[in-house]
file run.cif (mmCIF, N, CA and C atoms)
data_run
loop_
_atom_site.label_atom_id
_atom_site.label_comp_id
_atom_site.auth_asym_id
_atom_site.auth_seq_id
_atom_site.Cartn_x
_atom_site.Cartn_y
_atom_site.Cartn_z
N MET A 10 -77.89 -82.08 -41.09
CA MET A 10 -76.60 -81.88 -40.46
C MET A 10 -75.54 -82.57 -41.32
N THR A 11 -74.50 -81.85 -41.64
CA THR A 11 -73.42 -82.38 -42.46
C THR A 11 -72.23 -82.73 -41.58
N THR A 12 -71.70 -83.92 -41.77
CA THR A 12 -70.52 -84.34 -41.03
C THR A 12 -69.30 -84.15 -41.92
N ALA A 13 -68.31 -83.46 -41.40
CA ALA A 13 -67.08 -83.23 -42.16
C ALA A 13 -66.14 -84.41 -41.97
N PHE A 14 -65.62 -84.91 -43.05
CA PHE A 14 -64.64 -85.98 -43.00
C PHE A 14 -63.29 -85.42 -43.39
N THR A 15 -62.28 -85.84 -42.67
CA THR A 15 -60.93 -85.45 -43.04
C THR A 15 -60.29 -86.62 -43.77
N HIS A 16 -59.37 -86.31 -44.64
CA HIS A 16 -58.64 -87.35 -45.36
C HIS A 16 -57.55 -87.88 -44.45
N GLU A 17 -57.54 -89.17 -44.23
CA GLU A 17 -56.52 -89.76 -43.38
C GLU A 17 -55.95 -90.99 -44.06
N ASN A 18 -54.67 -91.17 -43.88
CA ASN A 18 -53.98 -92.37 -44.34
C ASN A 18 -53.18 -92.86 -43.14
N VAL A 19 -53.83 -93.64 -42.28
CA VAL A 19 -53.22 -94.11 -41.04
C VAL A 19 -53.34 -95.62 -40.98
N VAL A 20 -52.22 -96.28 -40.74
CA VAL A 20 -52.17 -97.72 -40.60
C VAL A 20 -51.55 -98.03 -39.24
N LYS A 21 -52.15 -98.96 -38.50
CA LYS A 21 -51.59 -99.41 -37.23
C LYS A 21 -51.43 -100.93 -37.29
N LEU A 22 -50.25 -101.40 -36.90
CA LEU A 22 -49.96 -102.83 -36.88
C LEU A 22 -49.33 -103.19 -35.55
N ALA A 23 -49.59 -104.39 -35.08
CA ALA A 23 -48.88 -104.98 -33.95
C ALA A 23 -48.54 -106.39 -34.39
N GLY A 24 -47.26 -106.71 -34.43
CA GLY A 24 -46.87 -108.02 -34.91
C GLY A 24 -45.44 -108.36 -34.55
N VAL A 25 -44.89 -109.30 -35.29
CA VAL A 25 -43.57 -109.85 -35.02
C VAL A 25 -42.73 -109.72 -36.28
N LEU A 26 -41.45 -109.36 -36.10
CA LEU A 26 -40.54 -109.29 -37.25
C LEU A 26 -40.24 -110.69 -37.76
N GLY A 27 -40.43 -110.89 -39.06
CA GLY A 27 -40.16 -112.18 -39.67
C GLY A 27 -38.71 -112.36 -40.06
N THR A 28 -37.99 -111.24 -40.20
CA THR A 28 -36.57 -111.27 -40.54
C THR A 28 -35.89 -110.14 -39.78
N ALA A 29 -34.58 -110.17 -39.75
CA ALA A 29 -33.84 -109.03 -39.18
C ALA A 29 -34.04 -107.83 -40.10
N PRO A 30 -34.05 -106.62 -39.55
CA PRO A 30 -34.19 -105.43 -40.40
C PRO A 30 -33.07 -105.35 -41.43
N GLU A 31 -33.41 -104.85 -42.61
CA GLU A 31 -32.44 -104.66 -43.68
C GLU A 31 -32.14 -103.17 -43.78
N LEU A 32 -30.91 -102.79 -43.48
CA LEU A 32 -30.51 -101.38 -43.50
C LEU A 32 -29.70 -101.12 -44.76
N ARG A 33 -29.99 -100.00 -45.43
CA ARG A 33 -29.22 -99.59 -46.60
C ARG A 33 -29.16 -98.07 -46.63
N LEU A 34 -28.31 -97.54 -47.48
CA LEU A 34 -28.19 -96.10 -47.67
C LEU A 34 -28.70 -95.75 -49.06
N THR A 35 -29.43 -94.65 -49.16
CA THR A 35 -29.86 -94.17 -50.47
C THR A 35 -28.66 -93.53 -51.16
N SER A 36 -28.80 -93.20 -52.44
CA SER A 36 -27.71 -92.54 -53.16
C SER A 36 -27.37 -91.20 -52.54
N GLY A 37 -28.33 -90.59 -51.83
CA GLY A 37 -28.09 -89.32 -51.14
C GLY A 37 -27.50 -89.49 -49.76
N GLY A 38 -27.27 -90.73 -49.33
CA GLY A 38 -26.65 -90.97 -48.04
C GLY A 38 -27.62 -91.12 -46.89
N ASN A 39 -28.93 -91.16 -47.16
CA ASN A 39 -29.92 -91.33 -46.09
C ASN A 39 -30.11 -92.80 -45.76
N ALA A 40 -30.18 -93.10 -44.46
CA ALA A 40 -30.40 -94.47 -44.02
C ALA A 40 -31.88 -94.82 -44.16
N VAL A 41 -32.14 -96.05 -44.61
CA VAL A 41 -33.51 -96.56 -44.71
C VAL A 41 -33.48 -98.03 -44.31
N ALA A 42 -34.41 -98.40 -43.41
CA ALA A 42 -34.50 -99.79 -42.97
C ALA A 42 -35.83 -100.37 -43.44
N THR A 43 -35.78 -101.61 -43.88
CA THR A 43 -36.99 -102.33 -44.26
C THR A 43 -37.25 -103.39 -43.21
N LEU A 44 -38.46 -103.36 -42.66
CA LEU A 44 -38.89 -104.34 -41.68
C LEU A 44 -40.00 -105.17 -42.30
N ILE A 45 -39.98 -106.46 -42.06
CA ILE A 45 -41.06 -107.35 -42.49
C ILE A 45 -41.81 -107.76 -41.23
N VAL A 46 -43.04 -107.27 -41.09
CA VAL A 46 -43.85 -107.50 -39.90
C VAL A 46 -44.97 -108.49 -40.26
N TYR A 47 -45.12 -109.52 -39.43
CA TYR A 47 -46.19 -110.50 -39.61
C TYR A 47 -47.26 -110.28 -38.55
N THR A 48 -48.50 -110.28 -38.97
CA THR A 48 -49.64 -110.21 -38.06
C THR A 48 -50.46 -111.49 -38.24
N ASN A 49 -50.99 -112.02 -37.15
CA ASN A 49 -51.76 -113.25 -37.17
C ASN A 49 -53.23 -112.98 -36.91
N TYR A 50 -54.06 -113.85 -37.45
CA TYR A 50 -55.50 -113.80 -37.17
C TYR A 50 -56.07 -115.19 -37.34
N THR A 51 -57.26 -115.40 -36.80
CA THR A 51 -57.89 -116.72 -36.83
C THR A 51 -59.12 -116.68 -37.72
N LEU A 52 -59.28 -117.71 -38.54
CA LEU A 52 -60.46 -117.88 -39.39
C LEU A 52 -61.19 -119.15 -38.99
N ARG A 53 -62.46 -119.17 -39.26
CA ARG A 53 -63.26 -120.35 -38.98
C ARG A 53 -63.55 -121.07 -40.30
N ASN A 54 -63.27 -122.37 -40.35
CA ASN A 54 -63.55 -123.19 -41.52
C ASN A 54 -65.04 -123.50 -41.59
N ASP A 55 -65.47 -124.03 -42.73
CA ASP A 55 -66.88 -124.39 -42.91
C ASP A 55 -67.36 -125.39 -41.87
N ASP A 56 -66.47 -126.28 -41.42
CA ASP A 56 -66.86 -127.29 -40.43
C ASP A 56 -66.81 -126.76 -39.00
N GLY A 57 -66.51 -125.47 -38.82
CA GLY A 57 -66.48 -124.87 -37.49
C GLY A 57 -65.11 -124.87 -36.84
N SER A 58 -64.16 -125.61 -37.38
CA SER A 58 -62.82 -125.60 -36.81
C SER A 58 -62.13 -124.27 -37.15
N ARG A 59 -61.09 -123.97 -36.41
CA ARG A 59 -60.36 -122.71 -36.61
C ARG A 59 -58.99 -122.98 -37.20
N ARG A 60 -58.51 -121.99 -37.92
CA ARG A 60 -57.15 -122.08 -38.46
C ARG A 60 -56.49 -120.71 -38.35
N GLN A 61 -55.19 -120.72 -38.14
CA GLN A 61 -54.40 -119.51 -38.04
C GLN A 61 -53.90 -119.10 -39.41
N GLU A 62 -53.99 -117.84 -39.70
CA GLU A 62 -53.43 -117.25 -40.92
C GLU A 62 -52.53 -116.09 -40.52
N SER A 63 -51.67 -115.66 -41.42
CA SER A 63 -50.84 -114.49 -41.13
C SER A 63 -50.70 -113.64 -42.39
N ASP A 64 -50.50 -112.36 -42.17
CA ASP A 64 -50.24 -111.42 -43.26
C ASP A 64 -48.84 -110.86 -43.09
N ARG A 65 -48.21 -110.58 -44.21
CA ARG A 65 -46.85 -110.03 -44.25
C ARG A 65 -46.95 -108.57 -44.66
N HIS A 66 -46.31 -107.69 -43.89
CA HIS A 66 -46.36 -106.26 -44.16
C HIS A 66 -44.94 -105.72 -44.28
N ARG A 67 -44.70 -104.93 -45.30
CA ARG A 67 -43.40 -104.29 -45.51
C ARG A 67 -43.47 -102.90 -44.89
N VAL A 68 -42.55 -102.62 -43.95
CA VAL A 68 -42.53 -101.34 -43.23
C VAL A 68 -41.20 -100.66 -43.50
N ILE A 69 -41.24 -99.38 -43.82
CA ILE A 69 -40.05 -98.59 -44.13
C ILE A 69 -39.82 -97.58 -43.01
N VAL A 70 -38.58 -97.52 -42.52
CA VAL A 70 -38.19 -96.57 -41.47
C VAL A 70 -37.01 -95.77 -42.00
N TRP A 71 -37.03 -94.44 -41.79
CA TRP A 71 -36.01 -93.55 -42.37
C TRP A 71 -35.08 -92.95 -41.32
N GLY A 72 -33.89 -92.53 -41.77
CA GLY A 72 -32.96 -91.70 -41.02
C GLY A 72 -32.34 -92.40 -39.81
N LEU A 73 -32.13 -91.59 -38.76
CA LEU A 73 -31.54 -92.13 -37.53
C LEU A 73 -32.41 -93.22 -36.93
N HIS A 74 -33.70 -93.10 -37.13
CA HIS A 74 -34.63 -94.11 -36.63
C HIS A 74 -34.38 -95.46 -37.31
N ALA A 75 -34.04 -95.43 -38.59
CA ALA A 75 -33.72 -96.65 -39.32
C ALA A 75 -32.46 -97.30 -38.75
N GLU A 76 -31.46 -96.48 -38.48
CA GLU A 76 -30.21 -96.99 -37.92
C GLU A 76 -30.45 -97.62 -36.55
N LYS A 77 -31.25 -96.96 -35.74
CA LYS A 77 -31.54 -97.46 -34.40
C LYS A 77 -32.34 -98.76 -34.48
N ALA A 78 -33.33 -98.80 -35.35
CA ALA A 78 -34.14 -100.02 -35.51
C ALA A 78 -33.27 -101.18 -35.98
N ALA A 79 -32.38 -100.94 -36.94
CA ALA A 79 -31.51 -101.98 -37.46
C ALA A 79 -30.55 -102.50 -36.39
N ARG A 80 -30.13 -101.61 -35.51
CA ARG A 80 -29.19 -101.99 -34.46
C ARG A 80 -29.88 -102.78 -33.35
N LEU A 81 -31.13 -102.45 -33.02
CA LEU A 81 -31.77 -103.02 -31.85
C LEU A 81 -32.78 -104.14 -32.13
N LEU A 82 -33.34 -104.17 -33.32
CA LEU A 82 -34.36 -105.17 -33.63
C LEU A 82 -33.75 -106.40 -34.26
N ARG A 83 -34.44 -107.51 -34.13
CA ARG A 83 -33.99 -108.76 -34.75
C ARG A 83 -35.22 -109.61 -35.06
N LYS A 84 -35.00 -110.68 -35.78
CA LYS A 84 -36.10 -111.59 -36.09
C LYS A 84 -36.77 -112.02 -34.79
N GLY A 85 -38.09 -111.94 -34.76
CA GLY A 85 -38.86 -112.30 -33.57
C GLY A 85 -39.19 -111.14 -32.66
N SER A 86 -38.60 -109.96 -32.89
CA SER A 86 -38.93 -108.80 -32.07
C SER A 86 -40.40 -108.43 -32.25
N LYS A 87 -41.05 -108.10 -31.15
CA LYS A 87 -42.45 -107.67 -31.20
C LYS A 87 -42.47 -106.16 -31.44
N VAL A 88 -43.24 -105.72 -32.42
CA VAL A 88 -43.29 -104.30 -32.75
C VAL A 88 -44.72 -103.83 -32.91
N ARG A 89 -44.92 -102.54 -32.63
CA ARG A 89 -46.16 -101.84 -32.97
C ARG A 89 -45.76 -100.69 -33.87
N VAL A 90 -46.44 -100.56 -34.99
CA VAL A 90 -46.10 -99.56 -35.99
C VAL A 90 -47.34 -98.71 -36.27
N GLN A 91 -47.13 -97.42 -36.39
CA GLN A 91 -48.16 -96.55 -36.94
C GLN A 91 -47.50 -95.76 -38.05
N GLY A 92 -48.18 -95.68 -39.18
CA GLY A 92 -47.61 -94.97 -40.31
C GLY A 92 -48.64 -94.73 -41.38
N ARG A 93 -48.14 -94.47 -42.58
CA ARG A 93 -49.04 -94.22 -43.71
C ARG A 93 -48.76 -95.24 -44.80
N MET A 94 -49.81 -95.63 -45.48
CA MET A 94 -49.73 -96.62 -46.56
C MET A 94 -49.26 -95.93 -47.83
N THR A 95 -48.32 -96.55 -48.53
CA THR A 95 -47.87 -96.04 -49.82
C THR A 95 -47.86 -97.19 -50.82
N TYR A 96 -47.93 -96.85 -52.10
CA TYR A 96 -47.97 -97.83 -53.17
C TYR A 96 -46.94 -97.48 -54.23
N PRO A 97 -45.67 -97.82 -53.99
CA PRO A 97 -44.62 -97.47 -54.96
C PRO A 97 -44.72 -98.30 -56.24
N THR A 98 -44.25 -97.72 -57.32
CA THR A 98 -44.13 -98.44 -58.59
C THR A 98 -42.68 -98.31 -59.06
N TRP A 99 -42.22 -99.29 -59.79
CA TRP A 99 -40.87 -99.26 -60.34
C TRP A 99 -40.83 -100.14 -61.58
N THR A 100 -39.80 -99.95 -62.37
CA THR A 100 -39.62 -100.76 -63.57
C THR A 100 -38.55 -101.79 -63.30
N ASP A 101 -38.90 -103.06 -63.52
CA ASP A 101 -37.96 -104.16 -63.33
C ASP A 101 -36.82 -103.99 -64.33
N LYS A 102 -35.59 -103.94 -63.85
CA LYS A 102 -34.43 -103.69 -64.72
C LYS A 102 -34.19 -104.81 -65.72
N GLN A 103 -34.52 -106.04 -65.35
CA GLN A 103 -34.27 -107.17 -66.25
C GLN A 103 -35.36 -107.33 -67.30
N SER A 104 -36.63 -107.22 -66.90
CA SER A 104 -37.72 -107.49 -67.83
C SER A 104 -38.33 -106.22 -68.42
N GLY A 105 -38.10 -105.06 -67.77
CA GLY A 105 -38.70 -103.82 -68.24
C GLY A 105 -40.17 -103.69 -67.86
N VAL A 106 -40.69 -104.63 -67.06
CA VAL A 106 -42.09 -104.63 -66.65
C VAL A 106 -42.28 -103.70 -65.45
N THR A 107 -43.38 -102.96 -65.45
CA THR A 107 -43.71 -102.10 -64.32
C THR A 107 -44.22 -102.97 -63.18
N ARG A 108 -43.65 -102.79 -62.00
CA ARG A 108 -44.02 -103.54 -60.81
C ARG A 108 -44.72 -102.61 -59.83
N TYR A 109 -45.57 -103.20 -59.00
CA TYR A 109 -46.34 -102.43 -58.02
C TYR A 109 -46.14 -103.05 -56.64
N GLY A 110 -46.10 -102.23 -55.63
CA GLY A 110 -45.91 -102.73 -54.27
C GLY A 110 -46.82 -102.00 -53.30
N ALA A 111 -46.78 -102.44 -52.06
CA ALA A 111 -47.51 -101.79 -50.97
C ALA A 111 -46.59 -101.81 -49.76
N GLU A 112 -46.45 -100.66 -49.11
CA GLU A 112 -45.60 -100.59 -47.92
C GLU A 112 -46.11 -99.52 -46.98
N ILE A 113 -45.71 -99.63 -45.74
CA ILE A 113 -46.09 -98.68 -44.71
C ILE A 113 -44.85 -97.88 -44.35
N VAL A 114 -44.94 -96.56 -44.43
CA VAL A 114 -43.85 -95.69 -44.00
C VAL A 114 -44.10 -95.36 -42.54
N ALA A 115 -43.21 -95.85 -41.66
CA ALA A 115 -43.40 -95.72 -40.21
C ALA A 115 -43.32 -94.27 -39.77
N GLN A 116 -44.27 -93.89 -38.94
CA GLN A 116 -44.23 -92.60 -38.27
C GLN A 116 -43.93 -92.78 -36.78
N THR A 117 -44.41 -93.89 -36.21
CA THR A 117 -44.01 -94.29 -34.86
C THR A 117 -43.75 -95.79 -34.87
N LEU A 118 -42.83 -96.22 -34.02
CA LEU A 118 -42.47 -97.62 -33.92
C LEU A 118 -42.15 -97.92 -32.46
N ASP A 119 -42.90 -98.85 -31.88
CA ASP A 119 -42.62 -99.34 -30.52
C ASP A 119 -42.05 -100.74 -30.64
N TYR A 120 -41.14 -101.07 -29.74
CA TYR A 120 -40.43 -102.34 -29.82
C TYR A 120 -40.44 -103.02 -28.47
N GLN A 121 -40.55 -104.35 -28.51
CA GLN A 121 -40.33 -105.17 -27.33
C GLN A 121 -39.42 -106.30 -27.77
N GLY A 122 -38.62 -106.81 -26.88
CA GLY A 122 -37.64 -107.85 -27.23
C GLY A 122 -38.27 -109.08 -27.85
N ALA A 123 -37.42 -109.95 -28.38
CA ALA A 123 -37.88 -111.14 -29.07
C ALA A 123 -38.37 -112.22 -28.12
N ASN A 124 -38.02 -112.12 -26.84
CA ASN A 124 -38.49 -113.11 -25.87
C ASN A 124 -38.74 -112.42 -24.54
N ASP A 125 -39.29 -113.16 -23.60
CA ASP A 125 -39.66 -112.56 -22.32
C ASP A 125 -38.46 -112.12 -21.49
N GLU A 126 -37.29 -112.74 -21.70
CA GLU A 126 -36.11 -112.32 -20.94
C GLU A 126 -35.61 -110.95 -21.39
N ASP A 127 -35.84 -110.60 -22.64
CA ASP A 127 -35.38 -109.31 -23.18
C ASP A 127 -36.49 -108.30 -22.97
N ASP A 128 -36.38 -107.54 -21.88
CA ASP A 128 -37.48 -106.64 -21.55
C ASP A 128 -37.20 -105.21 -21.97
N GLY A 129 -36.17 -104.98 -22.74
CA GLY A 129 -35.88 -103.63 -23.20
C GLY A 129 -36.83 -103.23 -24.31
N GLY A 130 -36.83 -101.96 -24.64
CA GLY A 130 -37.68 -101.50 -25.72
C GLY A 130 -37.40 -100.06 -26.05
N PHE A 131 -37.97 -99.58 -27.13
CA PHE A 131 -37.85 -98.17 -27.47
C PHE A 131 -39.05 -97.75 -28.29
N CYS A 132 -39.20 -96.46 -28.40
CA CYS A 132 -40.27 -95.90 -29.22
C CYS A 132 -39.65 -94.78 -30.04
N ILE A 133 -39.85 -94.80 -31.34
CA ILE A 133 -39.40 -93.69 -32.15
C ILE A 133 -40.62 -92.95 -32.68
N SER A 134 -40.50 -91.65 -32.74
CA SER A 134 -41.61 -90.85 -33.23
C SER A 134 -41.06 -89.68 -34.03
N PRO A 135 -40.80 -89.89 -35.33
CA PRO A 135 -40.25 -88.82 -36.15
C PRO A 135 -41.13 -87.58 -36.17
N GLN A 136 -42.44 -87.75 -35.99
CA GLN A 136 -43.33 -86.59 -36.01
C GLN A 136 -43.02 -85.65 -34.85
N LYS A 137 -42.58 -86.20 -33.74
CA LYS A 137 -42.29 -85.38 -32.58
C LYS A 137 -40.84 -84.91 -32.57
N GLY A 138 -40.06 -85.37 -33.54
CA GLY A 138 -38.67 -84.94 -33.64
C GLY A 138 -37.75 -85.60 -32.63
N ALA A 139 -38.21 -86.68 -31.99
CA ALA A 139 -37.40 -87.33 -30.97
C ALA A 139 -36.76 -88.58 -31.54
N LEU A 140 -35.54 -88.85 -31.15
CA LEU A 140 -34.89 -90.09 -31.57
C LEU A 140 -35.54 -91.26 -30.87
N GLY A 141 -36.12 -91.03 -29.73
CA GLY A 141 -36.78 -92.11 -29.01
C GLY A 141 -36.23 -92.21 -27.62
N PHE A 142 -36.68 -93.22 -26.92
CA PHE A 142 -36.19 -93.43 -25.57
C PHE A 142 -36.16 -94.93 -25.33
N PHE A 143 -35.34 -95.32 -24.36
CA PHE A 143 -35.28 -96.71 -23.95
C PHE A 143 -36.09 -96.85 -22.69
N ARG A 144 -36.72 -97.99 -22.53
CA ARG A 144 -37.44 -98.22 -21.29
C ARG A 144 -37.38 -99.71 -20.96
N ARG A 145 -37.54 -100.01 -19.73
CA ARG A 145 -37.66 -101.38 -19.27
C ARG A 145 -38.99 -101.51 -18.55
N ARG A 146 -39.29 -102.70 -18.10
CA ARG A 146 -40.55 -102.88 -17.38
C ARG A 146 -40.66 -101.86 -16.27
N HIS A 147 -41.84 -101.51 -15.91
CA HIS A 147 -42.16 -100.51 -14.90
C HIS A 147 -41.80 -99.09 -15.36
N ASP A 148 -41.60 -98.90 -16.69
CA ASP A 148 -41.42 -97.60 -17.30
C ASP A 148 -40.26 -96.79 -16.71
N ARG A 149 -39.19 -97.41 -16.34
CA ARG A 149 -38.00 -96.68 -15.90
C ARG A 149 -37.29 -96.16 -17.14
N VAL A 150 -37.07 -94.90 -17.23
CA VAL A 150 -36.37 -94.31 -18.39
C VAL A 150 -34.87 -94.46 -18.18
N LEU A 151 -34.20 -95.01 -19.19
CA LEU A 151 -32.77 -95.26 -19.08
C LEU A 151 -31.93 -94.20 -19.79
N GLY A 152 -32.53 -93.34 -20.58
CA GLY A 152 -31.74 -92.32 -21.21
C GLY A 152 -31.78 -92.39 -22.64
#
call {"tool": "encode", "arguments": {"input": "run.cif", "output": "structure tokens"}}
result
Amino acid sequence: MTTAFTHENVVKLAGVLGTAPELRLTSGGNAVATLIVYTNYTLRNDDGSRRQESDRHRVIVWGLHAEKAARLLRKGSKVRVQGRMTYPTWTDKQSGVTRYGAEIVAQTLDYQGANDEDDGGFCISPQKGALGFFRRRHDRVLG
């Protein structure tokens, strides 16, 4: 029996923004936001004690979704991201050296406020063609 595998490039993250989103416009006038998302995990040392570590992830959001994310998110906002992994390359203008990076291009982004008092949130899903929706606790849709 042969099992068919499909090619998938799917990344899911749940973490906290380490900085406020950085919004810029491309030369073509398209909005793009860069989010820095931190995820935490625990490791066990040789002596059995535990230590916290974190990873830093660069997330790219495009178009109206980028504008909305830049307007509503801030340092400390809790986010869930689903997207695809990309590995851009570029030439450093000063040194002429080729540089390599890793980033996630967001396809969906869920948000929760930076603290418990801020219970607002939104979800963007470019794949579904929706700008997103706002919600508060108990899933009341605000428009």
call {"tool": "resolve_selection", "arguments": {"input": "run.cif", "expression": "the PyMOL selection byres (((chain A and resi 59-70 and name CA) around 6) and name CA)", "output": "ChimeraX atom specification"}}
result
/A:41-54,58,71,75,112-115
call {"tool": "closest_residue", "arguments": {"input": "run.cif", "among": "A:Ala111, A:Leu32, A:Ala13, A:Leu22", "to": "Lys77 (chain A)", "atoms": "only C-alpha atoms"}}
result
A:Leu32
call {"tool": "closest_residue", "arguments": {"input": "run.cif", "among": "A:Gly57, A:Gly24, A:Gly110, A:Pro30", "to": "Leu81 (chain A)", "atoms": "only N, CA and C atoms"}}
result
A:Pro30
call {"tool": "atom_distance", "arguments": {"input": "run.cif", "atom1": "CA of Phe14 (chain A)", "atom2": "CA of Met94 (chain A)"}}
result
18.7 Å
call {"tool": "select_by_dssp", "arguments": {"input": "run.cif", "residues": "region 19-72 of chain A", "states": "strand (DSSP E)", "output": "short mmCIF file (atom, residue, chain, number, x, y, z; two decimals) with N, CA and C atoms, in the frame of the given file"}}
result
data_model
loop_
_atom_site.label_atom_id
_atom_site.label_comp_id
_atom_site.auth_asym_id
_atom_site.auth_seq_id
_atom_site.Cartn_x
_atom_site.Cartn_y
_atom_site.Cartn_z
N VAL A 20 -52.22 -96.28 -40.74
CA VAL A 20 -52.17 -97.72 -40.60
C VAL A 20 -51.55 -98.03 -39.24
N LYS A 21 -52.15 -98.96 -38.50
CA LYS A 21 -51.59 -99.41 -37.23
C LYS A 21 -51.43 -100.93 -37.29
N LEU A 22 -50.25 -101.40 -36.90
CA LEU A 22 -49.96 -102.83 -36.88
C LEU A 22 -49.33 -103.19 -35.55
N ALA A 23 -49.59 -104.39 -35.08
CA ALA A 23 -48.88 -104.98 -33.95
C ALA A 23 -48.54 -106.39 -34.39
N GLY A 24 -47.26 -106.71 -34.43
CA GLY A 24 -46.87 -108.02 -34.91
C GLY A 24 -45.44 -108.36 -34.55
N VAL A 25 -44.89 -109.30 -35.29
CA VAL A 25 -43.57 -109.85 -35.02
C VAL A 25 -42.73 -109.72 -36.28
N LEU A 26 -41.45 -109.36 -36.10
CA LEU A 26 -40.54 -109.29 -37.25
C LEU A 26 -40.24 -110.69 -37.76
N GLU A 31 -33.41 -104.85 -42.61
CA GLU A 31 -32.44 -104.66 -43.68
C GLU A 31 -32.14 -103.17 -43.78
N LEU A 32 -30.91 -102.79 -43.48
CA LEU A 32 -30.51 -101.38 -43.50
C LEU A 32 -29.70 -101.12 -44.76
N ARG A 33 -29.99 -100.00 -45.43
CA ARG A 33 -29.22 -99.59 -46.60
C ARG A 33 -29.16 -98.07 -46.63
N LEU A 34 -28.31 -97.54 -47.48
CA LEU A 34 -28.19 -96.10 -47.67
C LEU A 34 -28.70 -95.75 -49.06
N ALA A 40 -30.18 -93.10 -44.46
CA ALA A 40 -30.40 -94.47 -44.02
C ALA A 40 -31.88 -94.82 -44.16
N VAL A 41 -32.14 -96.05 -44.61
CA VAL A 41 -33.51 -96.56 -44.71
C VAL A 41 -33.48 -98.03 -44.31
N ALA A 42 -34.41 -98.40 -43.41
CA ALA A 42 -34.50 -99.79 -42.97
C ALA A 42 -35.83 -100.37 -43.44
N THR A 43 -35.78 -101.61 -43.88
CA THR A 43 -36.99 -102.33 -44.26
C THR A 43 -37.25 -103.39 -43.21
N LEU A 44 -38.46 -103.36 -42.66
CA LEU A 44 -38.89 -104.34 -41.68
C LEU A 44 -40.00 -105.17 -42.30
N ILE A 45 -39.98 -106.46 -42.06
CA ILE A 45 -41.06 -107.35 -42.49
C ILE A 45 -41.81 -107.76 -41.23
N VAL A 46 -43.04 -107.27 -41.09
CA VAL A 46 -43.85 -107.50 -39.90
C VAL A 46 -44.97 -108.49 -40.26
N TYR A 47 -45.12 -109.52 -39.43
CA TYR A 47 -46.19 -110.50 -39.61
C TYR A 47 -47.26 -110.28 -38.55
N THR A 48 -48.50 -110.28 -38.97
CA THR A 48 -49.64 -110.21 -38.06
C THR A 48 -50.46 -111.49 -38.24
N ASN A 49 -50.99 -112.02 -37.15
CA ASN A 49 -51.76 -113.25 -37.17
C ASN A 49 -53.23 -112.98 -36.91
N TYR A 50 -54.06 -113.85 -37.45
CA TYR A 50 -55.50 -113.80 -37.17
C TYR A 50 -56.07 -115.19 -37.34
N THR A 51 -57.26 -115.40 -36.80
CA THR A 51 -57.89 -116.72 -36.83
C THR A 51 -59.12 -116.68 -37.72
N LEU A 52 -59.28 -117.71 -38.54
CA LEU A 52 -60.46 -117.88 -39.39
C LEU A 52 -61.19 -119.15 -38.99
N ARG A 53 -62.46 -119.17 -39.26
CA ARG A 53 -63.26 -120.35 -38.98
C ARG A 53 -63.55 -121.07 -40.30
N ARG A 59 -61.09 -123.97 -36.41
CA ARG A 59 -60.36 -122.71 -36.61
C ARG A 59 -58.99 -122.98 -37.20
N ARG A 60 -58.51 -121.99 -37.92
CA ARG A 60 -57.15 -122.08 -38.46
C ARG A 60 -56.49 -120.71 -38.35
N GLN A 61 -55.19 -120.72 -38.14
CA GLN A 61 -54.40 -119.51 -38.04
C GLN A 61 -53.90 -119.10 -39.41
N GLU A 62 -53.99 -117.84 -39.70
CA GLU A 62 -53.43 -117.25 -40.92
C GLU A 62 -52.53 -116.09 -40.52
N SER A 63 -51.67 -115.66 -41.42
CA SER A 63 -50.84 -114.49 -41.13
C SER A 63 -50.70 -113.64 -42.39
N ASP A 64 -50.50 -112.36 -42.17
CA ASP A 64 -50.24 -111.42 -43.26
C ASP A 64 -48.84 -110.86 -43.09
N ARG A 65 -48.21 -110.58 -44.21
CA ARG A 65 -46.85 -110.03 -44.25
C ARG A 65 -46.95 -108.57 -44.66
N HIS A 66 -46.31 -107.69 -43.89
CA HIS A 66 -46.36 -106.26 -44.16
C HIS A 66 -44.94 -105.72 -44.28
N ARG A 67 -44.70 -104.93 -45.30
CA ARG A 67 -43.40 -104.29 -45.51
C ARG A 67 -43.47 -102.90 -44.89
N VAL A 68 -42.55 -102.62 -43.95
CA VAL A 68 -42.53 -101.34 -43.23
C VAL A 68 -41.20 -100.66 -43.50
N ILE A 69 -41.24 -99.38 -43.82
CA ILE A 69 -40.05 -98.59 -44.13
C ILE A 69 -39.82 -97.58 -43.01
N VAL A 70 -38.58 -97.52 -42.52
CA VAL A 70 -38.19 -96.57 -41.47
C VAL A 70 -37.01 -95.77 -42.00
N TRP A 71 -37.03 -94.44 -41.79
CA TRP A 71 -36.01 -93.55 -42.37
C TRP A 71 -35.08 -92.95 -41.32
#
call {"tool": "closest_residue", "arguments": {"input": "run.cif", "among": "A:Thr117, A:Asp101, A:Glu31, A:His74", "to": "Arg89 (chain A)", "atoms": "only N, CA and C atoms"}}
result
A:Thr117
call {"tool": "atom_distance", "arguments": {"input": "run.cif", "atom1": "CA of Arg93 (chain A)", "atom2": "atom C of Gln121 (chain A)"}}
result
22.2 Å
call {"tool": "atom_distance", "arguments": {"input": "run.cif", "atom1": "CA of Val20 (chain A)", "atom2": "atom N of Gln91 (chain A)"}}
result
6.6 Å
